[in-house]
$ cat my_file.txt   # compact mmCIF, C-alpha atoms
# COMPACT_ATOMS: atom_id res chain seq x y z
CA MET Y 5 179.08 190.02 154.89
CA ALA Y 6 181.37 193.02 155.31
CA PHE Y 7 182.55 196.13 153.54
CA LEU Y 8 186.11 195.76 152.26
CA ASP Y 9 187.72 199.17 152.11
CA GLN Y 10 189.42 198.62 148.80
CA VAL Y 11 188.75 199.86 145.28
CA PHE Y 12 187.67 197.91 142.22
CA PRO Y 13 190.50 198.52 139.69
CA ARG Y 14 189.92 202.07 138.50
CA ASP Y 15 191.45 201.57 135.05
CA ILE Y 16 188.97 198.75 134.41
CA ALA Y 17 186.14 200.84 135.90
CA ALA Y 18 186.86 203.47 133.23
CA GLY Y 19 185.30 201.17 130.64
CA VAL Y 20 182.05 200.28 132.39
CA VAL Y 21 178.46 200.84 131.32
CA GLY Y 22 175.85 201.75 133.90
CA GLY Y 23 174.31 204.40 136.12
CA PRO Y 24 171.34 205.19 138.38
CA GLU Y 25 168.12 203.20 138.33
CA ARG Y 26 164.67 204.18 139.61
CA ARG Y 27 161.68 201.93 140.25
CA VAL Y 28 158.37 203.56 139.35
CA ASP Y 29 155.02 201.80 138.93
CA ILE Y 30 153.07 203.29 136.01
CA VAL Y 31 149.38 202.52 135.54
CA ALA Y 32 147.60 203.67 132.37
CA LEU Y 33 144.00 204.64 133.13
CA ALA Y 34 141.05 204.20 130.76
CA SER Y 35 141.03 207.97 130.25
CA GLY Y 36 144.55 207.83 128.86
CA GLU Y 37 145.96 209.50 131.95
CA GLU Y 38 148.62 207.86 134.10
CA GLU Y 39 149.15 207.19 137.77
CA ARG Y 40 152.77 206.93 138.82
CA ASN Y 41 154.16 205.75 142.14
CA ALA Y 42 157.81 205.64 143.17
CA ARG Y 43 158.63 202.29 144.74
CA TRP Y 44 162.12 203.45 145.76
CA LYS Y 45 162.83 206.66 147.64
CA ASN Y 46 166.43 206.65 146.43
CA SER Y 47 168.03 205.69 143.15
CA ARG Y 48 170.28 202.63 142.98
CA ARG Y 49 173.24 202.33 140.65
CA SER Y 50 174.25 199.26 138.71
CA TYR Y 51 177.11 198.65 136.31
CA ASP Y 52 178.49 196.16 133.81
CA ALA Y 53 182.27 196.23 134.09
CA GLY Y 54 182.84 193.59 131.42
CA PHE Y 55 183.42 196.34 128.89
CA GLY Y 56 186.45 197.47 130.89
CA ILE Y 57 188.41 194.25 130.26
CA ARG Y 58 191.12 195.09 127.73
CA SER Y 59 193.72 192.40 128.37
CA VAL Y 60 194.31 189.00 129.92
CA ASP Y 61 195.94 190.81 132.84
CA ASP Y 62 192.70 192.73 133.42
CA LEU Y 63 190.78 189.47 133.32
CA ALA Y 64 193.07 187.91 135.94
CA THR Y 65 192.78 191.00 138.14
CA VAL Y 66 188.98 190.85 138.14
CA ILE Y 67 188.94 187.12 138.88
CA ALA Y 68 191.29 187.67 141.83
CA PHE Y 69 189.09 190.51 143.07
CA PHE Y 70 185.97 188.33 142.73
CA GLU Y 71 187.60 185.56 144.77
CA GLU Y 72 188.81 187.98 147.45
CA THR Y 73 185.35 189.48 147.93
CA GLY Y 74 183.69 186.07 148.06
CA GLY Y 75 181.76 186.92 144.91
CA PRO Y 76 178.64 188.84 146.00
CA LEU Y 77 179.34 188.28 149.72
CA HIS Y 78 181.35 191.41 150.52
CA SER Y 79 180.98 194.95 149.20
CA PHE Y 80 183.75 197.32 148.14
CA ARG Y 81 184.50 200.71 146.60
CA PHE Y 82 183.82 201.47 142.94
CA ARG Y 83 184.74 204.61 141.02
CA ASP Y 84 181.88 205.76 138.80
CA TRP Y 85 183.86 207.91 136.39
CA SER Y 86 180.69 209.68 135.24
CA ASP Y 87 179.86 210.90 138.77
CA PHE Y 88 182.58 210.92 141.42
CA SER Y 89 182.96 214.58 142.45
CA SER Y 90 180.96 216.99 144.57
CA ALA Y 91 181.47 219.56 141.82
CA ALA Y 92 178.84 220.07 139.14
CA SER Y 93 181.18 218.63 136.52
CA ALA Y 94 183.26 215.47 136.90
CA ASP Y 95 186.13 217.38 135.27
CA THR Y 96 186.18 219.96 138.08
CA SER Y 97 188.13 219.59 141.31
CA PRO Y 98 186.10 219.80 144.52
CA ALA Y 99 185.69 223.11 146.32
CA ALA Y 100 184.80 223.50 149.99
CA THR Y 101 181.56 225.27 149.03
CA ASP Y 102 180.27 222.66 146.54
CA GLN Y 103 177.55 221.05 148.64
CA THR Y 104 175.48 222.35 151.56
CA LEU Y 105 175.37 219.84 154.42
CA GLY Y 106 173.21 221.83 156.79
CA THR Y 107 173.05 224.82 159.11
CA GLY Y 108 174.59 225.05 162.56
CA ASN Y 109 172.41 225.25 165.65
CA GLY Y 110 175.09 225.52 168.31
CA VAL Y 111 174.53 221.89 169.36
CA THR Y 112 174.98 219.54 166.38
CA THR Y 113 178.57 218.47 165.71
CA GLU Y 114 178.02 215.82 163.00
CA PHE Y 115 176.92 216.44 159.42
CA GLN Y 116 176.42 213.86 156.67
CA LEU Y 117 178.12 214.37 153.31
CA VAL Y 118 175.53 214.72 150.56
CA LYS Y 119 175.35 215.58 146.88
CA ILE Y 120 172.32 217.48 145.61
CA TYR Y 121 171.06 216.96 142.06
CA GLY Y 122 168.87 219.53 140.35
CA SER Y 123 167.22 222.68 141.66
CA LEU Y 124 163.50 222.62 140.78
CA ASN Y 125 162.89 219.25 142.47
CA PRO Y 126 166.26 218.59 144.09
CA TYR Y 127 167.34 215.07 145.02
CA MET Y 128 169.69 214.69 147.98
CA ARG Y 129 172.00 211.69 147.80
CA GLU Y 130 173.91 210.63 150.92
CA ILE Y 131 177.61 210.10 150.25
CA THR Y 132 179.01 207.39 152.51
CA LYS Y 133 182.34 206.59 150.88
CA PRO Y 134 184.38 209.79 150.38
CA VAL Y 135 187.91 209.37 149.08
CA ALA Y 136 190.48 209.76 151.85
CA GLY Y 137 192.29 213.09 151.73
CA SER Y 138 189.85 214.68 149.28
CA VAL Y 139 187.33 216.25 151.68
CA LEU Y 140 187.26 220.05 152.09
CA VAL Y 141 185.00 221.86 154.59
CA ALA Y 142 183.83 225.46 154.91
CA LEU Y 143 181.71 227.42 157.39
CA ASP Y 144 179.82 230.34 155.85
CA GLY Y 145 182.14 230.06 152.86
CA ALA Y 146 185.37 230.20 154.89
CA ALA Y 147 187.54 227.10 154.41
CA GLN Y 148 188.32 225.19 157.60
CA GLY Y 149 191.75 223.60 157.73
CA ALA Y 150 191.26 222.17 161.22
CA GLY Y 151 188.64 221.58 163.90
CA TRP Y 152 186.88 218.75 162.09
CA SER Y 153 187.39 215.17 160.93
CA VAL Y 154 185.71 212.87 158.43
CA ASN Y 155 184.80 209.21 158.68
CA ASN Y 156 185.69 207.78 155.26
CA LEU Y 157 183.46 204.73 155.85
CA THR Y 158 180.27 206.63 156.70
CA GLY Y 159 180.74 210.08 155.16
CA GLU Y 160 180.10 211.87 158.46
CA ILE Y 161 181.85 215.15 159.23
CA SER Y 162 182.51 215.68 162.95
CA PHE Y 163 183.37 219.10 164.39
CA LEU Y 164 185.27 219.52 167.64
CA SER Y 165 182.91 222.40 168.46
CA PRO Y 166 179.39 222.73 167.05
CA PRO Y 167 178.98 225.39 164.35
CA ASP Y 168 177.20 228.49 165.65
CA PRO Y 169 173.46 228.93 164.94
CA GLY Y 170 172.80 230.00 161.37
CA VAL Y 171 176.27 229.08 160.09
CA VAL Y 172 176.07 227.24 156.76
CA VAL Y 173 178.16 224.06 156.62
CA THR Y 174 179.45 223.09 153.17
CA ALA Y 175 181.90 220.55 151.80
CA GLY Y 176 183.63 219.35 148.65
CA PHE Y 177 184.99 215.87 147.99
CA PHE Y 178 185.66 212.97 145.66
CA PHE Y 179 183.70 209.80 146.40
CA ASP Y 180 183.29 206.14 145.53
CA VAL Y 181 180.14 204.02 145.29
CA PRO Y 182 179.78 201.00 147.63
CA VAL Y 183 178.95 198.03 145.40
CA ARG Y 184 179.04 194.24 145.32
CA PHE Y 185 179.20 191.70 142.53
CA ASP Y 186 175.67 190.99 141.34
CA THR Y 187 176.51 187.53 140.06
CA GLN Y 188 177.32 184.16 141.58
CA SER Y 189 179.93 183.29 138.97
CA ILE Y 190 182.46 184.73 136.55
CA ALA Y 191 182.35 183.29 133.04
CA THR Y 192 185.55 183.91 131.09
CA ASP Y 193 186.00 183.64 127.34
CA MET Y 194 189.53 182.75 126.29
CA ALA Y 195 189.40 183.39 122.56
CA PHE Y 196 193.07 182.59 122.14
CA PHE Y 197 196.04 181.49 124.25
CA SER Y 198 199.54 180.52 123.16
CA GLU Y 199 201.27 178.36 125.74
CA SER Y 200 204.64 178.74 124.00
CA GLU Y 201 204.37 182.53 123.95
CA GLY Y 202 202.70 182.76 127.36
CA ARG Y 203 200.06 185.21 126.18
CA GLY Y 204 196.46 185.18 125.08
CA VAL Y 205 193.29 187.07 124.37
CA GLY Y 206 190.33 186.76 126.71
CA SER Y 207 187.27 188.55 128.02
CA ILE Y 208 184.53 188.37 130.62
CA PRO Y 209 181.28 189.04 128.76
CA GLU Y 210 179.53 190.42 131.85
CA ILE Y 211 180.66 191.69 135.25
CA GLN Y 212 177.51 192.85 136.98
CA LEU Y 213 177.93 195.21 139.94
CA VAL Y 214 175.16 196.74 142.05
CA GLU Y 215 175.17 199.52 144.63
CA VAL Y 216 174.57 198.49 148.25
CA ARG Y 217 173.28 200.28 151.34
CA GLU Y 218 174.60 198.75 154.53
$ encode --input "my_file.txt" --output "structure tokens"
Amino acid sequence: MAFLDQVFPRDIAAGVVGGPERRVDIVALASGEEERNARWKNSRRSYDAGFGIRSVDDLATVIAFFEETGGPLHSFRFRDWSDFSSAASADTSPAATDQTLGTGNGVTTEFQLVKIYGSLNPYMREITKPVAGSVLVALDGAAQGAGWSVNNLTGEISFLSPPDPGVVVTAGFFFDVPVRFDTQSIATDMAFFSESEGRGVGSIPEIQLVEVRE
């Protein structure tokens, strides 16, 4: 298996249904109280992209993509249009101060991109697939145009010189979700096709995708 650094068609992704999933065991006690235990430390996202198929051309594009990725064998980038920006709102462009990555200690040169959800019980999500050219970095609120680089396959920011002790490292970015097909086959439904006119109407009832951590 491998990660293919290419993007599931973003126009088709705009019509998907899905989002984060948590696994929690819930046991109801005789007293009526509950015991709850989180089986997963991190959430995992899954999607059904079948709703994004709007034409026979879309159908052909997804089939070609499925064949190229070996079905569920290889993973790839997916744009979750409900959550793809470091900003609080998906409609807002990233700013270099959106997310706090850590604090300098005069030694560390690498910082992982993250997105933090909530404030009372914040959840920190590692971002491993930033969009090339979208990452902005700041030190103590001052934007840094040079002196750092980003690995778009791991989400790691590397500084040429370590930030000084106490300096807050922040970043802003767009990002994709690494996913794979969560199905062994693609079942198409050609409701109509006219050979003479060379056109038709078709759909793929389900295109299951699931987030991967590799």
$ closest_residue --input "my_file.txt" --among "Y:Ala147, Y:Leu140, Y:Ala64, Y:Ala92" --to "Tyr121 (chain Y)" --atoms "all atoms listed in the file"
Y:Ala92
$ closest_residue --input "my_file.txt" --among "Y:Gln212, Y:Ser123, Y:Gln188, Y:Asn155" --to "Arg49 (chain Y)" --atoms "all atoms listed in the file"
Y:Gln212
$ closest_residue --input "my_file.txt" --among "Y:Leu124, Y:Arg184, Y:Pro13, Y:Phe115" --to "Trp152 (chain Y)" --atoms "only C-alpha atoms"
Y:Phe115
$ residues_around --input "my_file.txt" --residues "Pro167 (chain Y)" --least-positions-apart "4" --cutoff "10 Å" --atoms "all atoms listed in the file" --output "list in words"
Thr107, Gly108, Asn109, Gly110, Val111, Thr112, Thr113, Glu114, Leu143, Asp144, Phe163, Val171, Val172 and Val173 of chain Y
$ residues_around --input "my_file.txt" --residues "Ile211 (chain Y)" --least-positions-apart "3" --cutoff "8 Å" --atoms "only C-alpha atoms" --output "PyMOL selection string"
chain Y and resi 51-54+185-187+190+208
$ residues_around --input "my_file.txt" --residues "Asp102 (chain Y)" --least-positions-apart "2" --cutoff "7 Å" --atoms "all atoms listed in the file" --output "VMD selection string"
chain Y and resid 90 to 91 98 to 100 104 174 to 176
$ decode --input "my_file.txt" --residues "region 47-81 of chain Y" --atoms "N, CA and C atoms" --output "CSV table (one decimal), in the first residue's frame"
chain,number,residue,atom,x,y,z
Y,47,SER,N,-10.8,10.8,16.8
Y,47,SER,CA,-11.9,10.5,15.9
Y,47,SER,C,-11.4,10.0,14.5
Y,48,ARG,N,-12.3,9.4,13.8
Y,48,ARG,CA,-12.0,8.9,12.4
Y,48,ARG,C,-13.2,9.3,11.5
Y,49,ARG,N,-12.8,9.9,10.4
Y,49,ARG,CA,-13.8,10.4,9.5
Y,49,ARG,C,-14.2,9.4,8.4
Y,50,SER,N,-15.4,9.3,8.0
Y,50,SER,CA,-15.8,8.4,6.9
Y,50,SER,C,-16.9,9.2,6.1
Y,51,TYR,N,-17.0,8.9,4.8
Y,51,TYR,CA,-17.8,9.6,3.9
Y,51,TYR,C,-18.5,8.7,2.9
Y,52,ASP,N,-19.6,9.1,2.4
Y,52,ASP,CA,-20.2,8.4,1.2
Y,52,ASP,C,-20.3,9.5,0.1
Y,53,ALA,N,-19.4,9.2,-0.9
Y,53,ALA,CA,-19.3,10.2,-2.0
Y,53,ALA,C,-20.3,9.9,-3.1
Y,54,GLY,N,-21.1,8.9,-3.0
Y,54,GLY,CA,-22.1,8.6,-4.0
Y,54,GLY,C,-23.0,9.7,-4.3
Y,55,PHE,N,-23.3,10.5,-3.3
Y,55,PHE,CA,-24.2,11.6,-3.5
Y,55,PHE,C,-23.6,12.7,-4.4
Y,56,GLY,N,-22.3,12.7,-4.6
Y,56,GLY,CA,-21.7,13.7,-5.4
Y,56,GLY,C,-21.7,13.4,-6.9
Y,57,ILE,N,-22.2,12.2,-7.3
Y,57,ILE,CA,-22.3,11.9,-8.7
Y,57,ILE,C,-23.4,12.6,-9.3
Y,58,ARG,N,-23.2,13.5,-10.3
Y,58,ARG,CA,-24.2,14.2,-10.9
Y,58,ARG,C,-24.3,14.0,-12.4
Y,59,SER,N,-23.4,13.2,-13.0
Y,59,SER,CA,-23.4,13.0,-14.4
Y,59,SER,C,-22.7,11.7,-14.7
Y,60,VAL,N,-22.8,11.2,-16.0
Y,60,VAL,CA,-22.1,10.0,-16.4
Y,60,VAL,C,-20.6,10.3,-16.4
Y,61,ASP,N,-20.2,11.5,-16.7
Y,61,ASP,CA,-18.8,11.9,-16.7
Y,61,ASP,C,-18.2,11.7,-15.2
Y,62,ASP,N,-19.0,12.2,-14.2
Y,62,ASP,CA,-18.6,12.0,-12.8
Y,62,ASP,C,-18.4,10.5,-12.5
Y,63,LEU,N,-19.3,9.7,-13.0
Y,63,LEU,CA,-19.3,8.3,-12.7
Y,63,LEU,C,-18.0,7.7,-13.3
Y,64,ALA,N,-17.7,8.1,-14.5
Y,64,ALA,CA,-16.5,7.5,-15.2
Y,64,ALA,C,-15.2,8.0,-14.5
Y,65,THR,N,-15.2,9.2,-14.0
Y,65,THR,CA,-14.1,9.8,-13.2
Y,65,THR,C,-13.8,9.0,-12.0
Y,66,VAL,N,-14.9,8.6,-11.2
Y,66,VAL,CA,-14.7,7.9,-10.0
Y,66,VAL,C,-14.3,6.5,-10.3
Y,67,ILE,N,-14.8,5.8,-11.3
Y,67,ILE,CA,-14.3,4.5,-11.7
Y,67,ILE,C,-12.9,4.5,-12.0
Y,68,ALA,N,-12.4,5.5,-12.8
Y,68,ALA,CA,-11.0,5.6,-13.1
Y,68,ALA,C,-10.1,5.8,-11.9
Y,69,PHE,N,-10.6,6.6,-11.0
Y,69,PHE,CA,-9.9,6.9,-9.7
Y,69,PHE,C,-9.8,5.6,-8.9
Y,70,PHE,N,-10.9,4.8,-8.8
Y,70,PHE,CA,-11.0,3.6,-8.1
Y,70,PHE,C,-9.9,2.6,-8.7
Y,71,GLU,N,-9.9,2.5,-10.0
Y,71,GLU,CA,-8.9,1.6,-10.6
Y,71,GLU,C,-7.5,2.0,-10.4
Y,72,GLU,N,-7.2,3.3,-10.4
Y,72,GLU,CA,-5.9,3.8,-10.2
Y,72,GLU,C,-5.4,3.6,-8.8
Y,73,THR,N,-6.3,3.7,-7.8
Y,73,THR,CA,-5.8,3.5,-6.5
Y,73,THR,C,-5.9,2.0,-6.0
Y,74,GLY,N,-6.2,1.1,-7.0
Y,74,GLY,CA,-6.3,-0.3,-6.6
Y,74,GLY,C,-7.4,-0.5,-5.6
Y,75,GLY,N,-8.5,0.2,-5.8
Y,75,GLY,CA,-9.6,0.1,-4.8
Y,75,GLY,C,-9.2,0.6,-3.5
Y,76,PRO,N,-9.3,-0.2,-2.4
Y,76,PRO,CA,-8.9,0.2,-1.1
Y,76,PRO,C,-7.4,0.0,-0.8
Y,77,LEU,N,-6.6,-0.3,-1.8
Y,77,LEU,CA,-5.2,-0.6,-1.6
Y,77,LEU,C,-4.4,0.7,-1.2
Y,78,HIS,N,-4.6,1.7,-2.0
Y,78,HIS,CA,-3.8,2.9,-1.8
Y,78,HIS,C,-4.7,4.1,-1.2
Y,79,SER,N,-4.1,4.9,-0.4
Y,79,SER,CA,-4.8,6.1,0.1
Y,79,SER,C,-4.5,7.3,-0.8
Y,80,PHE,N,-5.3,8.4,-0.5
Y,80,PHE,CA,-5.2,9.6,-1.3
Y,80,PHE,C,-5.8,10.8,-0.6
Y,81,ARG,N,-5.7,11.9,-1.1
Y,81,ARG,CA,-6.3,13.1,-0.5
Y,81,ARG,C,-7.8,13.3,-0.8
